Amino acid sequence: MTFDHTILLAHGSRDNNWLQPFIALTERLSQSATQVSLAFMELAEPTLEQAVLRAQDQGAQSIAVLPLFFAAGKHLREDVPAMIAALTKTSGVDIRLLPPLGEHPLFIATVEGIVLDLLQSNAH
């Protein structure tokens, strides 16, 4: 299925330094993929609800939510699906939760490569 808009979902933090890599990533992606935005689960804005409403205001009828998480813990198994169900009901937009980024084979291979590179460089 193709989507009108993709929301990158990060956990969130009150620490602005923690937020910056996610903001920078979204800014870089938006240069080539215009229908992408960022949301935070908690502790920062925009919230998922705010991001969905903004995307809807821009004409999105179908939204993918891509969690920038290593794995699916309680937030992704329970909290986010409940948030999405409520937002789908109130907004009328089709919102789908994608698997977390950490489950993607390219992500796994990249992390593995970085760790192996660091281990090998520290071995010398």
# chains A, B, ... in the order shown; residues from 1 in each chain; ligands from 1
>>> select_by_dssp(residues="chain A", states="alpha helix (DSSP H)", output="MDAnalysis selection string")
chainID A and resid 16:30 48:57 74 80:91 105:123
>>> residues_around(residues="Phe40 in chain A", least_positions_apart="6", cutoff="7 Å", atoms="only C-alpha atoms", output="list in words")
Leu9, Ala10, His11, Gly12, Pro46, Thr47 and Leu48 of chain A
>>> atom_distance(atom1="CA of Ala64 in chain A", atom2="CA of Thr6 in chain A")
4.7 Å
>>> closest_residue(among="A:Leu98, A:Leu87, A:Ile108, A:Ile114", to="Glu49 in chain A", atoms="only C-alpha atoms")
A:Leu87
>>> residues_around(residues="Ile95 in chain A", least_positions_apart="3", cutoff="12 Å", atoms="only C-alpha atoms", output="VMD selection string")
chain A and resid 1 to 7 48 to 49 51 to 53 55 to 56 60 to 66 80 to 92 98
>>> write_last_selection(atoms="N, CA and C atoms", output="CSV table (one decimal), in the first residue's frame")
chain,number,residue,atom,x,y,z
A,1,MET,N,0.8,-1.2,0.0
A,1,MET,CA,0.0,0.0,0.0
A,1,MET,C,0.9,1.2,0.0
A,2,THR,N,0.5,2.2,-0.7
A,2,THR,CA,1.2,3.5,-0.7
A,2,THR,C,0.4,4.5,0.2
A,3,PHE,N,1.2,5.4,0.7
A,3,PHE,CA,0.6,6.4,1.7
A,3,PHE,C,0.9,7.8,1.2
A,4,ASP,N,-0.1,8.7,1.5
A,4,ASP,CA,0.1,10.1,1.2
A,4,ASP,C,1.1,10.8,2.0
A,5,HIS,N,1.4,10.2,3.2
A,5,HIS,CA,2.3,10.9,4.1
A,5,HIS,C,2.9,9.9,5.1
A,6,THR,N,4.1,10.1,5.5
A,6,THR,CA,4.8,9.2,6.5
A,6,THR,C,5.2,10.1,7.7
A,7,ILE,N,4.8,9.6,8.8
A,7,ILE,CA,5.3,10.2,10.1
A,7,ILE,C,6.3,9.4,10.7
A,48,LEU,N,2.1,12.8,18.2
A,48,LEU,CA,1.5,12.1,17.0
A,48,LEU,C,0.2,12.7,16.6
A,49,GLU,N,-0.6,13.1,17.5
A,49,GLU,CA,-1.9,13.7,17.2
A,49,GLU,C,-1.7,15.0,16.4
A,51,ALA,N,0.9,15.8,14.5
A,51,ALA,CA,1.4,15.5,13.2
A,51,ALA,C,0.4,14.9,12.3
A,52,VAL,N,-0.5,14.1,12.8
A,52,VAL,CA,-1.6,13.5,12.0
A,52,VAL,C,-2.5,14.7,11.5
A,53,LEU,N,-2.9,15.6,12.4
A,53,LEU,CA,-3.8,16.7,12.1
A,53,LEU,C,-3.1,17.6,11.0
A,55,ALA,N,-0.8,16.7,8.8
A,55,ALA,CA,-0.8,15.9,7.6
A,55,ALA,C,-2.2,16.0,6.9
A,56,GLN,N,-3.2,15.8,7.7
A,56,GLN,CA,-4.6,15.8,7.2
A,56,GLN,C,-4.9,17.2,6.6
A,60,ALA,N,-3.6,14.8,3.4
A,60,ALA,CA,-3.3,13.3,3.5
A,60,ALA,C,-4.6,12.6,3.9
A,61,GLN,N,-4.8,11.5,3.2
A,61,GLN,CA,-5.9,10.6,3.6
A,61,GLN,C,-5.4,9.3,4.1
A,62,SER,N,-4.1,9.0,3.8
A,62,SER,CA,-3.5,7.7,4.3
A,62,SER,C,-2.1,8.1,4.8
A,63,ILE,N,-1.9,7.6,6.1
A,63,ILE,CA,-0.6,8.0,6.7
A,63,ILE,C,0.0,6.7,7.3
A,64,ALA,N,1.3,6.6,7.0
A,64,ALA,CA,2.1,5.5,7.6
A,64,ALA,C,2.9,6.1,8.8
A,65,VAL,N,2.9,5.4,9.9
A,65,VAL,CA,3.7,5.8,11.0
A,65,VAL,C,4.9,4.8,11.2
A,66,LEU,N,6.1,5.4,11.0
A,66,LEU,CA,7.3,4.6,11.0
A,66,LEU,C,8.0,4.9,12.3
A,80,VAL,N,1.0,2.9,21.2
A,80,VAL,CA,0.9,3.5,19.9
A,80,VAL,C,-0.3,3.0,19.1
A,81,PRO,N,-0.6,1.7,19.1
A,81,PRO,CA,-1.8,1.2,18.4
A,81,PRO,C,-3.1,1.8,19.0
A,82,ALA,N,-3.1,2.0,20.3
A,82,ALA,CA,-4.3,2.6,20.9
A,82,ALA,C,-4.4,4.1,20.4
A,83,MET,N,-3.3,4.8,20.4
A,83,MET,CA,-3.3,6.2,19.9
A,83,MET,C,-3.8,6.2,18.4
A,84,ILE,N,-3.3,5.3,17.6
A,84,ILE,CA,-3.6,5.3,16.2
A,84,ILE,C,-5.1,5.0,16.0
A,85,ALA,N,-5.6,4.0,16.8
A,85,ALA,CA,-7.0,3.7,16.7
A,85,ALA,C,-7.9,4.9,17.0
A,86,ALA,N,-7.6,5.6,18.1
A,86,ALA,CA,-8.3,6.8,18.4
A,86,ALA,C,-8.2,7.9,17.4
A,87,LEU,N,-7.0,8.1,16.9
A,87,LEU,CA,-6.8,9.1,15.8
A,87,LEU,C,-7.5,8.8,14.5
A,88,THR,N,-7.5,7.5,14.2
A,88,THR,CA,-8.2,7.1,13.0
A,88,THR,C,-9.7,7.3,13.1
A,89,LYS,N,-10.2,7.0,14.3
A,89,LYS,CA,-11.7,7.2,14.6
A,89,LYS,C,-12.1,8.7,14.5
A,90,THR,N,-11.3,9.6,15.1
A,90,THR,CA,-11.6,11.0,15.2
A,90,THR,C,-11.3,11.8,13.9
A,91,SER,N,-10.2,11.3,13.2
A,91,SER,CA,-9.8,12.1,12.0
A,91,SER,C,-10.4,11.6,10.7
A,92,GLY,N,-10.7,10.3,10.7
A,92,GLY,CA,-11.2,9.7,9.5
A,92,GLY,C,-10.1,9.3,8.5
A,98,LEU,N,3.7,1.0,10.9
A,98,LEU,CA,4.7,0.1,10.3
A,98,LEU,C,5.6,-0.6,11.4
>>> closest_residue(among="A:Leu68, A:Ser13, A:Phe107, A:Arg96", to="Thr26 in chain A", atoms="only C-alpha atoms")
A:Leu68
>>> closest_residue(among="A:Ala44, A:Leu97, A:Ala72, A:Val36", to="Gln20 in chain A", atoms="only C-alpha atoms")
A:Ala44
>>> residues_around(residues="Glu103 in chain A", least_positions_apart="2", cutoff="10 Å", atoms="only C-alpha atoms", output="VMD selection string")
chain A and resid 69 to 72 99 to 101 105 to 108
>>> select_by_dssp(residues="range 32-63 of chain A", states="strand (DSSP E)", output="number ranges by chain")
A: 36-40, 62-63
>>> closest_residue(among="A:Pro21, A:Gly102, A:Pro67, A:Gly59", to="Met41 in chain A", atoms="only C-alpha atoms")
A:Pro67
>>> atom_distance(atom1="CA of Lys74 in chain A", atom2="CA of Ala24 in chain A")
26.7 Å
>>> residues_around(residues="Arg14 in chain A", least_positions_apart="3", cutoff="9 Å", atoms="only C-alpha atoms", output="compact mmCIF listing (two decimals) with N, CA and C atoms, in the first residue's frame")
# COMPACT_ATOMS: atom_id res chain seq x y z
N ASN A 17 19.06 18.33 22.96
CA ASN A 17 20.16 17.65 22.27
C ASN A 17 19.74 16.28 21.77
N TRP A 18 18.89 15.60 22.52
CA TRP A 18 18.39 14.28 22.10
C TRP A 18 17.49 14.42 20.88
N LEU A 19 16.70 15.48 20.83
CA LEU A 19 15.74 15.69 19.74
C LEU A 19 16.42 16.02 18.42
N LEU A 43 6.83 13.70 25.82
CA LEU A 43 7.87 14.60 26.32
C LEU A 43 8.35 15.65 25.33
N ALA A 44 7.82 15.67 24.11
CA ALA A 44 8.23 16.66 23.11
C ALA A 44 7.11 16.84 22.10
>>> atom_distance(atom1="CA of Gln58 in chain A", atom2="CA of Gln31 in chain A")
16.8 Å
>>> decode(residues="range 88-108 of chain A", atoms="N, CA and C atoms", output="short mmCIF file (atom, residue, chain, number, x, y, z; two decimals), in the first residue's frame")
data_model
loop_
_atom_site.label_atom_id
_atom_site.label_comp_id
_atom_site.auth_asym_id
_atom_site.auth_seq_id
_atom_site.Cartn_x
_atom_site.Cartn_y
_atom_site.Cartn_z
N THR A 88 -7.54 7.49 14.18
CA THR A 88 -8.24 7.05 12.97
C THR A 88 -9.73 7.33 13.11
N LYS A 89 -10.25 7.03 14.30
CA LYS A 89 -11.68 7.23 14.55
C LYS A 89 -12.06 8.71 14.50
N THR A 90 -11.26 9.56 15.14
CA THR A 90 -11.63 10.98 15.20
C THR A 90 -11.30 11.75 13.93
N SER A 91 -10.24 11.34 13.21
CA SER A 91 -9.82 12.10 12.03
C SER A 91 -10.41 11.57 10.73
N GLY A 92 -10.74 10.28 10.72
CA GLY A 92 -11.22 9.67 9.48
C GLY A 92 -10.11 9.33 8.51
N VAL A 93 -8.87 9.57 8.90
CA VAL A 93 -7.71 9.26 8.06
C VAL A 93 -7.30 7.81 8.30
N ASP A 94 -6.87 7.13 7.23
CA ASP A 94 -6.36 5.77 7.34
C ASP A 94 -4.91 5.86 7.84
N ILE A 95 -4.67 5.39 9.06
CA ILE A 95 -3.34 5.48 9.67
C ILE A 95 -2.85 4.06 9.94
N ARG A 96 -1.67 3.74 9.43
CA ARG A 96 -1.10 2.40 9.61
C ARG A 96 0.23 2.48 10.35
N LEU A 97 0.40 1.59 11.30
CA LEU A 97 1.65 1.50 12.05
C LEU A 97 2.56 0.50 11.34
N LEU A 98 3.72 0.96 10.94
CA LEU A 98 4.71 0.10 10.30
C LEU A 98 5.58 -0.56 11.37
N PRO A 99 6.29 -1.63 11.03
CA PRO A 99 7.22 -2.23 11.99
C PRO A 99 8.32 -1.23 12.35
N PRO A 100 8.89 -1.36 13.55
CA PRO A 100 9.95 -0.43 13.94
C PRO A 100 11.16 -0.53 13.02
N LEU A 101 11.85 0.58 12.88
CA LEU A 101 13.02 0.66 12.03
C LEU A 101 14.04 -0.43 12.37
N GLY A 102 14.16 -0.75 13.64
CA GLY A 102 15.13 -1.75 14.08
C GLY A 102 14.89 -3.15 13.54
N GLU A 103 13.71 -3.42 13.01
CA GLU A 103 13.43 -4.73 12.44
C GLU A 103 13.76 -4.81 10.95
N HIS A 104 14.10 -3.69 10.34
CA HIS A 104 14.39 -3.68 8.91
C HIS A 104 15.75 -4.33 8.65
N PRO A 105 15.85 -5.24 7.69
CA PRO A 105 17.12 -5.93 7.42
C PRO A 105 18.29 -4.98 7.14
N LEU A 106 18.05 -3.87 6.46
CA LEU A 106 19.14 -2.92 6.19
C LEU A 106 19.63 -2.26 7.47
N PHE A 107 18.73 -1.98 8.38
CA PHE A 107 19.10 -1.39 9.66
C PHE A 107 19.96 -2.38 10.46
N ILE A 108 19.50 -3.61 10.51
CA ILE A 108 20.22 -4.65 11.25
C ILE A 108 21.62 -4.83 10.67
#
